[in-house]
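Student: The following file, target.tsv, comprises TSV, C-alpha atoms:
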```
chain	number	residue	atom	x	y	z
A	5	MET	CA	-79.07	-61.58	65.02
A	6	ALA	CA	-77.34	-58.62	66.63
A	7	VAL	CA	-76.83	-55.53	64.46
A	8	ARG	CA	-73.16	-54.61	64.20
A	9	LEU	CA	-72.42	-50.92	63.93
A	10	PRO	CA	-69.66	-49.90	61.53
A	11	ARG	CA	-66.26	-49.13	62.97
A	12	PRO	CA	-65.91	-45.42	63.80
A	13	HIS	CA	-63.30	-43.24	62.17
A	14	ARG	CA	-60.11	-42.62	64.15
A	15	PHE	CA	-60.71	-38.86	64.24
A	16	ASP	CA	-64.22	-39.45	65.60
A	17	VAL	CA	-62.77	-41.50	68.46
A	18	PHE	CA	-60.35	-38.69	69.34
A	19	LEU	CA	-63.16	-36.14	69.11
A	20	ALA	CA	-65.44	-38.16	71.40
A	21	ALA	CA	-62.70	-38.78	73.94
A	22	GLY	CA	-61.60	-35.15	73.90
A	23	GLY	CA	-65.15	-33.86	74.27
A	24	LEU	CA	-65.89	-36.21	77.14
A	25	ALA	CA	-62.65	-35.37	78.94
A	26	GLY	CA	-63.17	-31.64	78.47
A	27	GLY	CA	-66.75	-31.84	79.70
A	28	ILE	CA	-65.69	-33.74	82.82
A	29	VAL	CA	-63.04	-31.10	83.56
A	30	LEU	CA	-65.64	-28.33	83.21
A	31	TRP	CA	-68.05	-30.27	85.45
A	32	ALA	CA	-65.34	-30.79	88.07
A	33	LEU	CA	-64.50	-27.08	88.03
A	34	ARG	CA	-68.23	-26.22	88.28
A	35	LEU	CA	-68.06	-24.21	85.07
A	36	HIS	CA	-71.63	-24.40	83.78
A	37	THR	CA	-73.54	-22.47	81.17
A	38	SER	CA	-76.15	-21.31	83.70
A	39	GLY	CA	-76.17	-20.76	87.42
A	40	SER	CA	-78.98	-23.20	88.18
A	41	GLY	CA	-81.27	-25.78	86.66
A	42	VAL	CA	-84.24	-27.94	87.44
A	43	LEU	CA	-81.86	-30.84	87.97
A	44	GLY	CA	-78.51	-30.84	89.71
A	45	ALA	CA	-75.13	-30.47	88.05
A	46	ASP	CA	-74.42	-34.18	88.33
A	47	TRP	CA	-77.31	-34.89	85.97
A	48	GLY	CA	-75.41	-32.98	83.29
A	49	LEU	CA	-72.97	-35.88	82.98
A	50	ILE	CA	-75.68	-37.98	81.32
A	51	PRO	CA	-76.18	-35.80	78.19
A	52	LEU	CA	-72.41	-35.24	78.14
A	53	ALA	CA	-71.72	-38.98	77.95
A	54	VAL	CA	-74.51	-39.52	75.40
A	55	THR	CA	-73.29	-36.81	73.01
A	56	ALA	CA	-69.71	-38.04	73.39
A	57	GLY	CA	-70.83	-41.55	72.44
A	58	LEU	CA	-72.84	-40.22	69.51
A	59	GLU	CA	-69.70	-38.58	68.13
A	60	LEU	CA	-68.57	-42.10	67.24
A	61	LEU	CA	-71.53	-42.26	64.82
A	62	ARG	CA	-71.06	-38.83	63.23
A	63	ARG	CA	-69.90	-40.33	59.90
A	64	THR	CA	-71.53	-43.76	59.88
A	65	ARG	CA	-75.00	-42.94	61.32
A	66	PRO	CA	-75.22	-39.13	61.14
A	67	GLN	CA	-79.02	-38.84	61.16
A	68	LEU	CA	-79.45	-41.26	64.06
A	69	ALA	CA	-76.75	-39.40	65.98
A	70	LEU	CA	-78.53	-36.08	65.45
A	71	ILE	CA	-81.91	-37.43	66.59
A	72	LEU	CA	-80.48	-38.92	69.78
A	73	GLY	CA	-78.33	-35.85	70.29
A	74	THR	CA	-81.43	-33.66	70.15
A	75	PHE	CA	-82.91	-35.58	73.08
A	76	ALA	CA	-79.60	-35.27	74.93
A	77	ILE	CA	-79.32	-31.49	74.44
A	78	THR	CA	-82.95	-31.08	75.46
A	79	PHE	CA	-82.26	-32.98	78.69
A	80	ASP	CA	-79.16	-30.83	79.22
A	81	MET	CA	-81.35	-27.71	79.28
A	82	PHE	CA	-82.83	-28.89	82.60
A	83	THR	CA	-79.35	-29.02	84.16
A	84	PRO	CA	-76.87	-26.20	84.78
A	85	GLY	CA	-75.45	-27.09	81.35
A	86	ASN	CA	-72.06	-27.96	79.94
A	87	VAL	CA	-70.26	-26.20	77.09
A	88	ALA	CA	-68.76	-29.47	75.85
A	89	THR	CA	-72.22	-31.00	75.42
A	90	ILE	CA	-73.38	-28.01	73.38
A	91	LEU	CA	-70.27	-28.02	71.17
A	92	MET	CA	-70.57	-31.73	70.44
A	93	PHE	CA	-74.25	-31.27	69.54
A	94	THR	CA	-73.34	-28.53	67.04
A	95	ASP	CA	-70.88	-30.98	65.47
A	96	LEU	CA	-73.65	-33.60	65.21
A	97	ALA	CA	-75.89	-31.08	63.41
A	98	TYR	CA	-73.04	-30.18	61.05
A	99	THR	CA	-72.09	-33.76	60.18
A	100	ALA	CA	-75.73	-34.85	59.79
A	101	VAL	CA	-75.96	-32.47	56.82
A	102	LEU	CA	-72.45	-33.12	55.53
A	103	TYR	CA	-72.49	-36.93	55.64
A	104	GLY	CA	-76.22	-37.63	55.58
A	105	SER	CA	-78.46	-38.49	52.64
A	106	PRO	CA	-79.31	-35.81	50.06
A	107	ALA	CA	-82.87	-35.60	51.38
A	108	ALA	CA	-81.62	-35.10	54.95
A	109	ALA	CA	-79.14	-32.47	53.77
A	110	ARG	CA	-82.03	-30.46	52.33
A	111	ARG	CA	-84.43	-31.07	55.21
A	112	ILE	CA	-82.26	-30.48	58.30
A	113	PRO	CA	-81.33	-26.79	57.65
A	114	VAL	CA	-84.98	-25.95	56.96
A	115	THR	CA	-86.14	-27.81	60.06
A	116	THR	CA	-83.57	-26.20	62.36
A	117	GLY	CA	-84.40	-22.78	60.94
A	118	LEU	CA	-88.10	-23.27	61.61
A	119	VAL	CA	-87.38	-24.57	65.12
A	120	SER	CA	-85.23	-21.52	65.87
A	121	LEU	CA	-87.97	-19.22	64.62
A	122	GLY	CA	-90.59	-21.09	66.63
A	123	VAL	CA	-88.50	-20.87	69.82
A	124	THR	CA	-88.03	-17.14	69.31
A	125	LEU	CA	-91.74	-16.50	68.80
A	126	GLY	CA	-92.69	-18.79	71.68
A	127	PHE	CA	-90.47	-17.04	74.19
A	128	LEU	CA	-91.61	-13.64	72.93
A	129	VAL	CA	-95.22	-14.60	73.59
A	130	TRP	CA	-94.33	-16.14	76.96
A	131	TRP	CA	-91.93	-13.56	78.33
A	132	ARG	CA	-92.99	-10.50	76.35
A	133	GLU	CA	-89.44	-9.24	76.79
A	134	PRO	CA	-86.69	-8.45	74.24
A	135	GLN	CA	-84.48	-11.03	75.94
A	136	ALA	CA	-86.58	-13.70	74.24
A	137	ILE	CA	-84.84	-12.81	70.98
A	138	LEU	CA	-81.50	-13.76	72.53
A	139	VAL	CA	-82.90	-17.18	73.38
A	140	GLY	CA	-83.96	-17.64	69.76
A	141	LEU	CA	-80.55	-16.50	68.53
A	142	GLY	CA	-78.86	-18.96	70.87
A	143	CYS	CA	-81.02	-21.77	69.50
A	144	ALA	CA	-80.17	-20.73	65.94
A	145	VAL	CA	-76.44	-20.65	66.72
A	146	VAL	CA	-76.57	-24.15	68.20
A	147	SER	CA	-78.79	-25.79	65.56
A	148	PHE	CA	-79.35	-23.74	62.38
A	149	GLY	CA	-75.80	-22.35	62.13
A	150	PRO	CA	-74.02	-25.73	62.02
A	151	ALA	CA	-76.65	-27.17	59.68
A	152	ALA	CA	-76.32	-24.25	57.26
A	153	THR	CA	-72.52	-24.52	57.39
A	154	GLY	CA	-72.74	-28.24	56.62
A	155	ALA	CA	-74.99	-27.48	53.65
A	156	LEU	CA	-72.50	-24.96	52.26
A	157	VAL	CA	-69.56	-27.35	52.65
A	158	ARG	CA	-71.54	-30.22	51.11
A	159	ASN	CA	-72.55	-28.09	48.11
A	160	HIS	CA	-68.91	-27.13	47.63
A	161	HIS	CA	-67.82	-30.78	47.73
A	162	GLU	CA	-70.55	-31.80	45.30
A	163	ALA	CA	-69.61	-29.00	42.91
A	164	ALA	CA	-65.97	-30.08	43.05
A	165	GLU	CA	-66.95	-33.71	42.45
A	166	THR	CA	-69.14	-32.69	39.51
A	167	ALA	CA	-66.26	-30.71	38.02
A	168	ARG	CA	-63.93	-33.68	38.49
A	169	LEU	CA	-66.37	-36.06	36.80
A	170	ARG	CA	-66.86	-33.59	33.96
A	171	ALA	CA	-63.10	-33.36	33.51
A	172	GLU	CA	-62.82	-37.16	33.47
A	173	GLN	CA	-65.61	-37.39	30.88
A	174	THR	CA	-63.93	-34.73	28.76
A	175	ALA	CA	-60.63	-36.61	28.96
A	176	LEU	CA	-62.40	-39.86	28.08
A	177	LEU	CA	-64.09	-38.28	25.07
A	178	ALA	CA	-60.77	-36.80	23.97
A	179	GLU	CA	-59.14	-40.21	24.27
A	180	MET	CA	-61.97	-41.79	22.26
A	181	ASP	CA	-61.59	-39.12	19.57
A	182	ARG	CA	-57.84	-39.72	19.49
A	183	THR	CA	-58.36	-43.48	19.18
A	184	GLN	CA	-60.86	-43.01	16.38
A	185	ALA	CA	-58.50	-40.62	14.62
A	186	VAL	CA	-55.64	-43.12	14.90
A	187	THR	CA	-57.87	-45.91	13.57
A	188	ALA	CA	-59.03	-43.76	10.67
A	189	GLU	CA	-55.45	-42.76	9.88
A	190	ARG	CA	-54.33	-46.39	9.90
A	191	ALA	CA	-57.16	-47.33	7.54
A	192	ARG	CA	-56.27	-44.42	5.26
A	193	MET	CA	-52.61	-45.39	5.17
A	194	ALA	CA	-53.53	-49.03	4.53
A	195	ARG	CA	-55.60	-47.95	1.52
A	196	GLU	CA	-52.81	-45.70	0.35
A	197	LEU	CA	-50.26	-48.50	0.68
A	198	HIS	CA	-52.52	-50.81	-1.30
A	199	ASP	CA	-53.03	-48.23	-4.03
A	200	MET	CA	-49.30	-47.58	-4.32
A	201	VAL	CA	-48.00	-51.13	-4.22
A	202	ALA	CA	-50.77	-52.95	-6.10
A	203	GLY	CA	-49.88	-51.40	-9.45
A	204	HIS	CA	-46.19	-52.15	-9.07
A	205	LEU	CA	-46.81	-55.74	-7.99
A	206	SER	CA	-49.21	-56.29	-10.90
A	207	ALA	CA	-46.59	-55.07	-13.35
A	208	ILE	CA	-43.98	-57.28	-11.70
A	209	ALA	CA	-46.27	-60.32	-11.94
A	210	ILE	CA	-47.12	-59.71	-15.61
A	211	HIS	CA	-43.56	-59.10	-16.75
A	212	SER	CA	-42.14	-61.96	-14.71
A	213	THR	CA	-44.68	-64.25	-16.39
A	214	ALA	CA	-43.62	-62.92	-19.78
A	215	ALA	CA	-39.95	-63.40	-18.95
A	216	LEU	CA	-40.54	-67.00	-17.90
A	217	SER	CA	-42.73	-67.91	-20.89
A	218	LEU	CA	-40.53	-66.44	-23.64
A	219	ASP	CA	-37.07	-67.57	-24.69
A	220	ASP	CA	-36.18	-64.25	-26.32
A	221	PRO	CA	-33.24	-62.72	-24.36
A	222	ASP	CA	-34.16	-59.17	-25.40
A	223	THR	CA	-37.74	-59.58	-24.20
A	224	SER	CA	-36.58	-61.15	-20.95
A	225	ARG	CA	-34.10	-58.32	-20.39
A	226	ALA	CA	-36.80	-55.71	-21.03
A	227	SER	CA	-39.17	-57.51	-18.66
A	228	LEU	CA	-36.50	-57.69	-15.96
A	229	SER	CA	-35.84	-53.97	-16.40
A	230	VAL	CA	-39.53	-53.19	-15.90
A	231	ILE	CA	-39.62	-55.53	-12.89
A	232	ARG	CA	-36.69	-53.70	-11.34
A	233	GLU	CA	-38.21	-50.27	-11.96
A	234	ASN	CA	-41.50	-51.28	-10.38
A	235	SER	CA	-39.71	-52.93	-7.45
A	236	VAL	CA	-37.68	-49.80	-6.76
A	237	ALA	CA	-40.74	-47.56	-7.10
A	238	GLY	CA	-42.79	-49.78	-4.78
A	239	LEU	CA	-40.00	-49.88	-2.20
A	240	THR	CA	-39.66	-46.11	-2.36
A	241	GLU	CA	-43.36	-45.62	-1.69
A	242	MET	CA	-43.26	-48.16	1.15
A	243	ARG	CA	-40.25	-46.42	2.72
A	244	ARG	CA	-42.11	-43.12	2.55
A	245	LEU	CA	-45.10	-44.53	4.45
A	246	ILE	CA	-42.91	-46.37	6.95
A	247	GLY	CA	-41.01	-43.14	7.56
A	248	ILE	CA	-44.28	-41.36	8.31
A	249	LEU	CA	-45.31	-44.12	10.72
A	250	ARG	CA	-41.95	-44.06	12.51
A	251	ASP	CA	-41.92	-40.28	12.88
A	252	SER	CA	-44.20	-40.33	15.93
A	253	GLY	CA	-42.42	-37.37	17.55
A	254	GLY	CA	-43.22	-35.10	14.62
A	255	GLU	CA	-39.68	-33.64	14.59
A	256	SER	CA	-39.23	-33.83	10.82
A	257	GLY	CA	-41.34	-32.00	8.31
A	258	PRO	CA	-44.28	-33.59	6.54
A	259	MET	CA	-43.45	-36.04	3.75
A	260	PRO	CA	-44.46	-34.96	0.24
A	261	THR	CA	-47.70	-36.49	-1.02
A	262	PRO	CA	-48.53	-37.28	-4.64
A	263	THR	CA	-50.16	-34.49	-6.64
A	264	LEU	CA	-51.73	-34.16	-10.06
A	265	ASP	CA	-48.36	-33.05	-11.37
A	266	GLY	CA	-47.18	-36.63	-10.89
A	267	LEU	CA	-49.77	-38.08	-13.28
A	268	GLY	CA	-47.32	-37.79	-16.17
A	269	ALA	CA	-44.80	-40.06	-14.44
A	270	LEU	CA	-47.61	-42.41	-13.44
A	271	VAL	CA	-48.85	-42.69	-17.03
A	272	ALA	CA	-45.29	-43.10	-18.30
A	273	GLY	CA	-44.83	-46.04	-15.95
A	274	ALA	CA	-48.09	-47.57	-17.16
A	275	ARG	CA	-46.97	-47.21	-20.76
A	276	ALA	CA	-43.69	-48.88	-19.87
A	277	ASN	CA	-45.73	-51.77	-18.48
A	278	GLY	CA	-47.45	-52.20	-21.82
A	279	LEU	CA	-50.58	-50.07	-21.57
A	280	ASP	CA	-51.67	-47.92	-24.50
A	281	ILE	CA	-53.00	-44.97	-22.51
A	282	THR	CA	-53.86	-41.36	-23.29
A	283	LEU	CA	-53.86	-38.73	-20.51
A	284	ASP	CA	-56.09	-35.66	-20.72
A	285	ALA	CA	-54.98	-33.46	-17.79
A	286	GLY	CA	-57.07	-30.32	-17.59
A	287	GLN	CA	-56.06	-27.07	-15.96
A	288	GLY	CA	-57.46	-26.00	-12.61
A	289	SER	CA	-56.75	-25.74	-8.91
A	290	VAL	CA	-58.26	-28.14	-6.39
A	291	PRO	CA	-57.69	-28.63	-2.64
A	292	ALA	CA	-54.84	-30.90	-1.58
A	293	PRO	CA	-57.11	-33.73	-0.27
A	294	VAL	CA	-59.05	-33.75	-3.55
A	295	GLU	CA	-55.81	-33.69	-5.52
A	296	LEU	CA	-54.48	-36.71	-3.61
A	297	ALA	CA	-57.78	-38.56	-4.04
A	298	ALA	CA	-57.75	-37.90	-7.80
A	299	TYR	CA	-54.18	-39.18	-8.05
A	300	ARG	CA	-55.12	-42.38	-6.19
A	301	ILE	CA	-58.20	-42.89	-8.39
A	302	VAL	CA	-56.12	-42.67	-11.56
A	303	GLN	CA	-53.48	-44.94	-10.02
A	304	GLU	CA	-56.09	-47.55	-9.06
A	305	SER	CA	-57.66	-47.29	-12.54
A	306	LEU	CA	-54.33	-47.95	-14.22
A	307	THR	CA	-53.70	-50.90	-11.90
A	308	ASN	CA	-57.08	-52.41	-12.77
A	309	ALA	CA	-56.48	-51.79	-16.46
A	310	LEU	CA	-53.12	-53.48	-16.23
A	311	LYS	CA	-54.56	-56.53	-14.44
A	312	HIS	CA	-57.99	-56.96	-16.01
A	313	ALA	CA	-58.45	-54.85	-19.16
A	314	ALA	CA	-58.46	-56.39	-22.63
A	315	PRO	CA	-55.82	-55.24	-25.10
A	316	GLY	CA	-56.60	-51.82	-26.48
A	317	PRO	CA	-56.19	-48.11	-25.81
A	318	SER	CA	-57.07	-46.52	-22.47
A	319	TRP	CA	-58.00	-42.94	-21.71
A	320	SER	CA	-57.74	-40.97	-18.48
A	321	CYS	CA	-59.11	-37.49	-17.82
A	322	CYS	CA	-58.40	-35.25	-14.83
A	323	ALA	CA	-59.74	-31.69	-14.88
A	324	GLY	CA	-60.53	-28.84	-12.51
A	325	ARG	CA	-63.26	-28.72	-9.87
A	326	ALA	CA	-65.95	-27.64	-12.33
A	327	THR	CA	-65.14	-30.29	-14.97
A	328	PRO	CA	-65.88	-34.01	-14.59
A	329	CYS	CA	-63.02	-36.52	-14.34
A	330	GLY	CA	-62.90	-40.07	-15.54
A	331	SER	CA	-60.81	-43.01	-16.66
A	332	ARG	CA	-61.62	-45.51	-19.41
```
Hey, can you dump this file as structure tokens for me?
Tutor:
Amino acid sequence: MAVRLPRPHRFDVFLAAGGLAGGIVLWALRLHTSGSGVLGADWGLIPLAVTAGLELLRRTRPQLALILGTFAITFDMFTPGNVATILMFTDLAYTAVLYGSPAAARRIPVTTGLVSLGVTLGFLVWWREPQAILVGLGCAVVSFGPAATGALVRNHHEAAETARLRAEQTALLAEMDRTQAVTAERARMARELHDMVAGHLSAIAIHSTAALSLDDPDTSRASLSVIRENSVAGLTEMRRLIGILRDSGGESGPMPTPTLDGLGALVAGARANGLDITLDAGQGSVPAPVELAAYRIVQESLTNALKHAAPGPSWSCCAGRATPCGSR
């Protein structure tokens, strides 16, 4: 089965065509990099065509393009030379680091640097002239320079990608925290709604049962009065919570929450529902969350006493932070 190469990028096609056309123009004008070579000027068209074709693989097969381009530029050294061939080879060295594998991106700059150093030392030993250093510098400009530039650009891209991923992870964690906070707030408000409404509904159920089972008009009227009071109180609490839920824009101020100062009204309502209860409210200052929790505990205790307790007196204590609280 024949191996199908991936389709080259549009810019790579333009680059290959432009490099080939420019090299042919330079060849036609006899503008070479050196005055002579082992081979004739016409032989320089071969590495020119090869490097132009390899430009089509600069993104899809960057390492293969660099290896074949190295053979082409080596062959070009035996001809009078063409600037277009050299420029396209530098692009192959650059893209091999930029688009190649991470291992190749680390290996190619080191390899080209060692090759440039080896060429410099070799020509110094051979020629024993300072001009040998210029040959080594030329080799470094053609090979090591583009590879090092590709490494710098790749590191910059990787750093930017890492920062982008970190920002996405931070945003994801923030969204998860927000979702958890919303879920916790919904659960808290559900508990609060239960604590507020359960007591009123229990009183309504008890007094409606009494009103239906007794034929005494006065008792029925009193029961209906208690039912109405608990209905109005329950609706008021529900409207307060619904108002908080609807106020998503946060334009209005925070709604007042129950405090320990409201225990008197809570106990008075329980007494109106038929409970014989004694409140022992101590003096002291506690944080607002603790104050709200204590209020809900007493409210839930009174609801349970109203629904399940046997006839008899009840006692509720709420003191400061250093004194224990309880309900009986």
Student: Could you list, as a list in words, every residue within 6 Å of stretch 147-162 of chain A, counting all atoms listed in the file and ignoring same-chain residues fewer than 3 positions away?
Tutor: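 Within the cut-off, the hits are Thr94, Ala97, Tyr98, Val101, Leu102, Pro113, Thr116, Gly117, Ala144 and Glu165 of chain A.
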Student: Work out how far apart atom CA of A:Leu72 and atom CA of A:His13 are and give it in Å to one decimal.
Tutor: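 About the pair atom CA of A:Leu72 and atom CA of A:His13: they are 19.3 Å apart.
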Student: Can you tell me, as a ChimeraX atom specification, what residues are no more than 10 Å from A:Gly238 when counting only C-alpha atoms, ignoring any on the same chain fewer than 5 positions away?
Tutor: /A:197,200-205,232-233,243-244
Student: State, in Å with one decimal place, the distance from atom CA of A:Val146 to atom CA of A:Leu96.
Tutor: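 Separation between atom CA of A:Val146 and atom CA of A:Leu96: 10.3 Å.
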Student: Atom CA of A:Ala100 and atom CA of A:Thr124 are how many Å apart?
Tutor: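 A separation of 23.6 Å between them.
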Student: Given all atoms listed in the file as the basis, pick out the residue of A:Gly85, A:Thr55, A:Ile112, A:Ile28 nearest to A:Val42.
Tutor: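 Among the listed residues, the smallest separation from A:Val42 belongs to A:Gly85.
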Student: For each of A:Ile137, A:Ile208, A:Met81, A:Val114, take the minimum atom-to-atom distance to A:Trp47, counting all atoms listed in the file, then give the residue where this is smallest.
Tutor: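 Of A:Ile137, A:Ile208, A:Met81, A:Val114, the one nearest A:Trp47 is A:Met81, counting all atoms listed in the file.
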